[in-house]
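Some notes on the structure that comes next.
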Amino acid sequence: MPQLEPHGNPGDPYRIFFPLGIVMGIAGVSIWPLYYWGAIGGYNGRSHAFVQTDCFLFAFIVGFIWTALPRFTGTSIPSRASQYFVACLLVAAVVAFEFQYFRVGHVIFVAVHAMVIAVAARRFIRRQHPPPETFVLVGFGLLSGMVGAILAAGVAWELVPLGLDVLGRRLLTEGMVLLLVLGIGGFLGPRLLGFAQLPNFQNLEKLSGNTKPSFAMMKHRQTIYAIAAMLLLLSIVVEYGWSLPAVAWLRAGIGTSLILLNIQPWRKPATRTTLSWCVWIAHWLLITALWMVVIVPKYRIDFLHIMFMGAFTLLILAVGTRVVLSHGGHGLGEESRSWPLRIGIITVIIAMFARITAPFVPLSYFSHLAWAGGLWIGGIGIWGVSLFRRIRGTAG
């Protein structure tokens with residue numbers, strides 16, 4: 001029987017992938033200030049998009065899933081060799097995307113994604129404990145990401161019609177990342193907000209609360225989550241595959257319903273810490289993004305940055321902080337008044353507003369993008385330095 005890894009194992013994957021994700025995010029966003037201030041002669045928005053999705057966000061996804069899933073299922077963490085191999089592949093993908101070798105970058109990402117799914121699937125098959133019910137959404141999210149990655153690679157290699165390009169990209173963002181956020185956030189969110197019992201990896205029988213739910217109740221909830229995930233993915237396929245934008249209303253409704261069900265954002269955090277407010281704000285931004293893109297479709301790409309720059313980044317700040325503090329054996333009291341986290345929250349929100357207002361001031365469009373990128377990099381960088389020092393076990 002696989003042995004549950006001890007809490008705070010020095011081989012935890014987050015120790016590699018969280019710092020790597022920070023560096024990748026900075027690399028992906030830096031093109032805007034570098035272009036505006038004349039350091040580079042041009043830019044490629046496609047490179048920026050894939051670096052942020054397939055590298056920055058995915059590095060944090062790998063770091064969290066490969067760290068948390070073994071504990072949720074009572075299995076072992078991936079080997080250090082596997083971690084370094086995937087990390088090297090992600091670095092290669094960043095280089096390929098940045099230099100616009102899209103064929104190479106997409107093939108690498110398909111391989112990385114397949115490895116992540118394989119590792120997760122093996123842990124699920126060998127599970128000693130059932131993972132949280134909301135992790136059904138995580139499974140569908142990973143599936144969506146694989147389909148999106150294959151479509152993107154097919155377009156790059158001219159094996160798939162160019163008309164499916166947007167569908168592939170949206171399966172990665174509004175499909176994979178959104179479902180992962182709804183699935184992971186649906187479990188961790190209430191606990192970070194103080195509404196439910198925190199995970200106790202030494203007693204995994206109590207992961208769902210003070211009492212273990214009946215098997216029938218668990219299956220019922222999993223079925224509901226599975227149906228919601230399938231409908232959400234169907235809305236993406238229909239909207240971007242058949243050019244029927246009206247189904248975006250369905251996606252907004254499903255996403256909002258899941259957040260209302262699990263997070264209950266109308267309630268202020270029971271635990272009043274910087275981290276809990278970060279989680280609370282992030283979910284309100286996510287709801288806002290879901291509805292803004294359907295209410296004002298003309299500015300869809302811009303308002304999607306409420307989701308990307310706002311909600312997703314704030315959740316990375318919050319979950320990354322909790323994982324590093326709890327798994328590293330640091331006191332959770334630091335969540336109350338973490339100045340690096342506060343600086344990250346403030347700069348990210350200001351950067352988000354600078355980005356989404358850019359199309360409304362065309363004469364200073366690239367100035368907005370430059371300042372948005374600079375602020376985002378500054379906030380993530382300051383938070384990242386503090387995070388890295390904690391991972392290394394030093395103070396501050």
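To be explicit about the labels: the chains of the structure tokens are called A, B, and onward in the order shown, and within each one the residues are counted from 1, while ligands get numbers from 1 in the order they are shown.
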As a VMD selection string, please: every residue in segment 24-153 of chain A that DSSP puts in alpha helix (DSSP H). chain A and resid 24 to 29 31 to 36 45 to 50 58 to 73 80 to 98 102 to 125 135 to 153
Would you kindly return, as a compact mmCIF listing (two decimals) with N, CA and C atoms, in the first residue's frame, each protein, DNA or RNA residue with an atom no farther than 9 Å from any atom of Val23 of chain A, considering only C-alpha atoms and excluding same-chain residues fewer than 4 positions away?
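File written: around.txt
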# COMPACT_ATOMS: atom_id res chain seq x y z
N PHE A 18 6.21 26.51 -8.27
CA PHE A 18 5.74 27.85 -7.93
C PHE A 18 6.77 28.93 -8.31
N PRO A 19 8.04 28.79 -7.91
CA PRO A 19 9.02 29.78 -8.36
C PRO A 19 9.16 29.83 -9.88
N ALA A 27 8.09 36.69 -17.58
CA ALA A 27 8.56 36.62 -18.97
C ALA A 27 7.43 36.88 -19.95
N GLY A 28 6.25 36.36 -19.65
CA GLY A 28 5.13 36.52 -20.56
C GLY A 28 4.56 37.92 -20.60
N PHE A 56 2.94 29.90 -17.40
CA PHE A 56 2.73 30.54 -16.10
C PHE A 56 1.63 29.87 -15.30
N GLY A 381 6.42 39.98 -8.46
CA GLY A 381 7.83 39.87 -8.11
C GLY A 381 8.08 40.01 -6.62
N GLY A 384 6.67 37.10 -4.98
CA GLY A 384 7.46 35.93 -5.34
C GLY A 384 8.76 35.83 -4.56
Polymer residues at most 12 Å from Ile346 of chain A, only C-alpha atoms, same-chain spacing of 3 or more positions, as a list in words: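 Those residues are Thr274, Trp277, Cys278, Ile281, Gly310, Thr313, Leu314, Leu317, Trp339, Pro340, Leu341, Arg342, Ile343, Ile349, Ile350, Ala351, Met352, Phe353, Leu375, Trp376, Gly378, Gly379, Ile380, Ile382 and Trp383 of chain A.
Residues within 12 Å of Thr288 of chain A, counting only C-alpha atoms and excluding same-chain residues fewer than 6 positions away, are Ala252, Gly253, Gly255, Thr256, Ile259, Ile281, Ala282, Val294, Ile295, Val296, Phe303, Leu304, His305, Ile306, Met307, Phe308, Gly310 and Ala311 of chain A.
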Residues from the last selection, N, CA and C atoms, saved as a PDB file, in the first residue's frame:
ATOM      1  N   ALA A 252     -21.816  31.616 -18.119  1.00  0.00           N
ATOM      2  CA  ALA A 252     -21.809  32.574 -17.008  1.00  0.00           C
ATOM      3  C   ALA A 252     -22.722  32.099 -15.885  1.00  0.00           C
ATOM      4  N   GLY A 253     -23.873  31.558 -16.259  1.00  0.00           N
ATOM      5  CA  GLY A 253     -24.808  31.070 -15.244  1.00  0.00           C
ATOM      6  C   GLY A 253     -24.270  29.873 -14.481  1.00  0.00           C
ATOM      7  N   GLY A 255     -21.017  28.950 -14.113  1.00  0.00           N
ATOM      8  CA  GLY A 255     -19.883  29.361 -13.286  1.00  0.00           C
ATOM      9  C   GLY A 255     -20.326  30.103 -12.042  1.00  0.00           C
ATOM     10  N   THR A 256     -21.272  31.029 -12.204  1.00  0.00           N
ATOM     11  CA  THR A 256     -21.772  31.794 -11.059  1.00  0.00           C
ATOM     12  C   THR A 256     -22.479  30.892 -10.062  1.00  0.00           C
ATOM     13  N   ILE A 259     -20.004  28.994  -7.956  1.00  0.00           N
ATOM     14  CA  ILE A 259     -19.372  29.875  -6.972  1.00  0.00           C
ATOM     15  C   ILE A 259     -20.343  30.178  -5.829  1.00  0.00           C
ATOM     16  N   ILE A 281     -12.254  38.500  -2.773  1.00  0.00           N
ATOM     17  CA  ILE A 281     -12.221  39.442  -3.893  1.00  0.00           C
ATOM     18  C   ILE A 281     -12.074  38.693  -5.217  1.00  0.00           C
ATOM     19  N   ALA A 282     -11.233  37.675  -5.237  1.00  0.00           N
ATOM     20  CA  ALA A 282     -10.981  36.924  -6.465  1.00  0.00           C
ATOM     21  C   ALA A 282     -12.263  36.312  -7.021  1.00  0.00           C
ATOM     22  N   VAL A 294     -20.304  38.589 -21.584  1.00  0.00           N
ATOM     23  CA  VAL A 294     -21.540  38.325 -22.326  1.00  0.00           C
ATOM     24  C   VAL A 294     -22.396  39.581 -22.454  1.00  0.00           C
ATOM     25  N   ILE A 295     -22.284  40.472 -21.490  1.00  0.00           N
ATOM     26  CA  ILE A 295     -23.059  41.709 -21.547  1.00  0.00           C
ATOM     27  C   ILE A 295     -22.455  42.690 -22.543  1.00  0.00           C
ATOM     28  N   VAL A 296     -21.117  42.721 -22.600  1.00  0.00           N
ATOM     29  CA  VAL A 296     -20.414  43.643 -23.516  1.00  0.00           C
ATOM     30  C   VAL A 296     -19.477  42.814 -24.398  1.00  0.00           C
ATOM     31  N   PHE A 303     -12.291  42.298 -21.265  1.00  0.00           N
ATOM     32  CA  PHE A 303     -12.930  41.959 -19.994  1.00  0.00           C
ATOM     33  C   PHE A 303     -12.569  40.561 -19.506  1.00  0.00           C
ATOM     34  N   LEU A 304     -12.090  39.711 -20.423  1.00  0.00           N
ATOM     35  CA  LEU A 304     -11.575  38.422 -19.964  1.00  0.00           C
ATOM     36  C   LEU A 304     -10.357  38.607 -19.070  1.00  0.00           C
ATOM     37  N   HIS A 305      -9.691  39.767 -19.188  1.00  0.00           N
ATOM     38  CA  HIS A 305      -8.543  40.026 -18.321  1.00  0.00           C
ATOM     39  C   HIS A 305      -8.963  40.276 -16.866  1.00  0.00           C
ATOM     40  N   ILE A 306     -10.242  40.539 -16.632  1.00  0.00           N
ATOM     41  CA  ILE A 306     -10.719  40.560 -15.242  1.00  0.00           C
ATOM     42  C   ILE A 306     -10.559  39.172 -14.648  1.00  0.00           C
ATOM     43  N   MET A 307     -10.791  38.162 -15.488  1.00  0.00           N
ATOM     44  CA  MET A 307     -10.620  36.774 -15.074  1.00  0.00           C
ATOM     45  C   MET A 307      -9.146  36.403 -14.998  1.00  0.00           C
ATOM     46  N   PHE A 308      -8.409  36.731 -16.064  1.00  0.00           N
ATOM     47  CA  PHE A 308      -7.013  36.306 -16.145  1.00  0.00           C
ATOM     48  C   PHE A 308      -6.116  37.059 -15.165  1.00  0.00           C
ATOM     49  N   GLY A 310      -7.045  39.395 -12.929  1.00  0.00           N
ATOM     50  CA  GLY A 310      -7.639  39.631 -11.624  1.00  0.00           C
ATOM     51  C   GLY A 310      -7.869  38.368 -10.830  1.00  0.00           C
ATOM     52  N   ALA A 311      -8.909  37.614 -11.204  1.00  0.00           N
ATOM     53  CA  ALA A 311      -9.322  36.452 -10.410  1.00  0.00           C
ATOM     54  C   ALA A 311      -8.246  35.377 -10.339  1.00  0.00           C
TER      55      ALA A 311
END
Please list as an MDAnalysis selection string every residue within 9 Å of Glu239 of chain A, counting only C-alpha atoms and excluding residues in the same chain fewer than 6 positions away. chainID A and resid 167 245:248
Pick from A:Val293, A:Leu232, A:Cys88, A:Leu178 nearest to Thr53 of chain A, counting only C-alpha atoms: A:Leu178
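Near Asn44 of chain A, within 10 Å and counting only C-alpha atoms, sit A:Ile31, A:Trp32, A:Gly42, A:Arg46, A:Ser47, A:His48, A:Ala49, A:Phe97, A:Glu98, A:Phe99, A:Gln100; same-chain residues fewer than 2 positions away were not included.
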Using 9 Å as the limit and counting only C-alpha atoms, can you tabulate each residue of segment 31-65 of chain A that touches segment 368-371 of chain A, with its shortest atom-to-atom distance in Å and the two atoms involved, as a Markdown table?
| residue | atom | partner | partner_atom | distance |
| --- | --- | --- | --- | --- |
| A:Ile31 | CA | A:Ala370 | CA | 8.4 |
| A:Trp32 | CA | A:Ala370 | CA | 4.8 |
| A:Pro33 | CA | A:Ala370 | CA | 4.0 |
| A:Leu34 | CA | A:Ala370 | CA | 7.7 |
| A:Tyr35 | CA | A:Ala370 | CA | 7.9 |
| A:Tyr36 | CA | A:Ala370 | CA | 6.1 |
| A:Trp37 | CA | A:Ala370 | CA | 8.1 |
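Residue nearest Ala121 of chain A, chosen from A:Ala153, A:Leu69, A:Leu387, A:Ile227 and counting only C-alpha atoms: A:Leu69.
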Using only C-alpha atoms for the distances, tell me which of A:Val361, A:Leu89, A:Ile108, A:Leu188 is nearest to Val323 of chain A.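 Counting only C-alpha atoms, the residue closest to Val323 of chain A is A:Leu188.
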Select, from A:Arg170, A:His283, A:Arg191, A:Arg122, the residue with the minimum atom-to-atom distance to Pro70 of chain A, counting only C-alpha atoms.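 Between A:Arg170, A:His283, A:Arg191, A:Arg122, the residue approaching Pro70 of chain A most closely is A:Arg122.
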Hey, what's within 12 Å of Val319 of chain A if we count only C-alpha atoms and toss same-chain stuff fewer than 2 positions away? As an MDAnalysis selection string, please? chainID A and resid 14 18 60:61 63:65 68 181 184:185 187:189 191:193 275:276 278:279 282 312:317 321:327 335 341 387
Would you output that residue set with N, CA and C atoms, as a tab-separated table (two decimals), in the first residue's frame?
chain	number	residue	atom	x	y	z
A	14	TYR	N	5.56	21.74	-5.39
A	14	TYR	CA	5.37	23.19	-5.41
A	14	TYR	C	6.70	23.93	-5.25
A	18	PHE	N	6.21	26.51	-8.27
A	18	PHE	CA	5.74	27.85	-7.93
A	18	PHE	C	6.77	28.93	-8.31
A	60	PHE	N	1.76	26.64	-11.98
A	60	PHE	CA	1.09	26.64	-10.68
A	60	PHE	C	0.08	25.49	-10.58
A	61	ILE	N	-0.56	25.17	-11.70
A	61	ILE	CA	-1.49	24.04	-11.71
A	61	ILE	C	-0.76	22.75	-11.38
A	63	GLY	N	2.17	22.43	-9.88
A	63	GLY	CA	2.69	22.49	-8.51
A	63	GLY	C	1.64	22.16	-7.48
A	64	PHE	N	0.42	22.67	-7.69
A	64	PHE	CA	-0.63	22.40	-6.71
A	64	PHE	C	-1.15	20.98	-6.82
A	65	ILE	N	-1.50	20.54	-8.02
A	65	ILE	CA	-2.10	19.21	-8.18
A	65	ILE	C	-1.13	18.12	-7.76
A	68	ALA	N	-0.94	18.38	-3.85
A	68	ALA	CA	-2.15	18.13	-3.07
A	68	ALA	C	-2.79	16.78	-3.35
A	181	VAL	N	-10.16	26.18	-11.40
A	181	VAL	CA	-10.42	27.17	-10.35
A	181	VAL	C	-11.72	26.84	-9.61
A	184	ILE	N	-10.94	23.33	-7.60
A	184	ILE	CA	-10.03	23.49	-6.46
A	184	ILE	C	-10.58	24.54	-5.50
A	185	GLY	N	-11.05	25.66	-6.07
A	185	GLY	CA	-11.61	26.72	-5.24
A	185	GLY	C	-12.88	26.30	-4.52
A	187	PHE	N	-13.44	23.58	-3.15
A	187	PHE	CA	-13.08	22.88	-1.91
A	187	PHE	C	-12.28	23.77	-0.96
A	188	LEU	N	-11.22	24.41	-1.48
A	188	LEU	CA	-10.35	25.20	-0.62
A	188	LEU	C	-10.98	26.54	-0.23
A	189	GLY	N	-11.76	27.13	-1.14
A	189	GLY	CA	-12.32	28.45	-0.88
A	189	GLY	C	-13.03	28.59	0.45
A	191	ARG	N	-12.77	26.90	3.06
A	191	ARG	CA	-11.84	26.67	4.17
A	191	ARG	C	-10.90	27.86	4.37
A	192	LEU	N	-10.49	28.48	3.28
A	192	LEU	CA	-9.65	29.66	3.39
A	192	LEU	C	-10.45	30.87	3.89
A	193	LEU	N	-11.75	30.86	3.63
A	193	LEU	CA	-12.62	31.93	4.11
A	193	LEU	C	-13.09	31.70	5.55
A	275	LEU	N	-5.23	37.01	3.44
A	275	LEU	CA	-5.41	35.90	2.50
A	275	LEU	C	-6.89	35.63	2.24
A	276	SER	N	-7.72	35.63	3.28
A	276	SER	CA	-9.14	35.35	3.09
A	276	SER	C	-9.81	36.43	2.25
A	278	CYS	N	-8.33	38.16	0.00
A	278	CYS	CA	-7.82	37.94	-1.35
A	278	CYS	C	-8.68	36.90	-2.08
A	279	VAL	N	-9.02	35.82	-1.39
A	279	VAL	CA	-9.87	34.77	-1.97
A	279	VAL	C	-11.27	35.33	-2.26
A	282	ALA	N	-11.23	37.67	-5.24
A	282	ALA	CA	-10.98	36.92	-6.46
A	282	ALA	C	-12.26	36.31	-7.02
A	312	PHE	N	-7.72	34.97	-11.50
A	312	PHE	CA	-6.75	33.88	-11.50
A	312	PHE	C	-5.48	34.25	-10.75
A	313	THR	N	-4.99	35.48	-10.96
A	313	THR	CA	-3.75	35.88	-10.28
A	313	THR	C	-3.95	35.98	-8.78
A	314	LEU	N	-5.06	36.56	-8.34
A	314	LEU	CA	-5.30	36.67	-6.89
A	314	LEU	C	-5.41	35.29	-6.25
A	315	LEU	N	-6.04	34.34	-6.94
A	315	LEU	CA	-6.13	32.99	-6.38
A	315	LEU	C	-4.77	32.32	-6.34
A	316	ILE	N	-3.91	32.61	-7.29
A	316	ILE	CA	-2.54	32.10	-7.23
A	316	ILE	C	-1.82	32.67	-6.02
A	317	LEU	N	-1.99	33.96	-5.78
A	317	LEU	CA	-1.37	34.59	-4.62
A	317	LEU	C	-1.85	33.93	-3.32
A	321	THR	N	0.37	31.17	-1.26
A	321	THR	CA	0.79	31.55	0.09
A	321	THR	C	0.42	30.46	1.09
A	322	ARG	N	-0.83	29.98	1.02
A	322	ARG	CA	-1.26	28.94	1.97
A	322	ARG	C	-0.45	27.67	1.82
A	323	VAL	N	-0.21	27.23	0.59
A	323	VAL	CA	0.53	25.99	0.38
A	323	VAL	C	1.95	26.10	0.93
A	324	VAL	N	2.61	27.20	0.64
A	324	VAL	CA	4.00	27.37	1.09
A	324	VAL	C	4.09	27.46	2.60
A	325	LEU	N	3.17	28.20	3.21
A	325	LEU	CA	3.21	28.33	4.67
A	325	LEU	C	2.87	27.01	5.36
A	326	SER	N	1.80	26.35	4.92
A	326	SER	CA	1.36	25.14	5.60
A	326	SER	C	2.28	23.97	5.34
A	327	HIS	N	2.69	23.77	4.10
A	327	HIS	CA	3.55	22.63	3.77
A	327	HIS	C	4.99	22.88	4.18
A	335	GLU	N	-0.63	34.91	7.44
A	335	GLU	CA	-1.66	35.24	6.46
A	335	GLU	C	-2.43	36.50	6.86
A	341	LEU	N	1.91	39.91	0.32
A	341	LEU	CA	0.62	39.52	-0.24
A	341	LEU	C	-0.24	40.75	-0.49
A	387	LEU	N	7.87	34.54	-1.25
A	387	LEU	CA	7.49	33.12	-1.37
A	387	LEU	C	8.74	32.25	-1.50
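Of the listed residues (A:Arg80, A:Leu20, A:Ile26, A:Ala229), A:Leu20 comes nearest to Ala59 of chain A; the distances count only C-alpha atoms.
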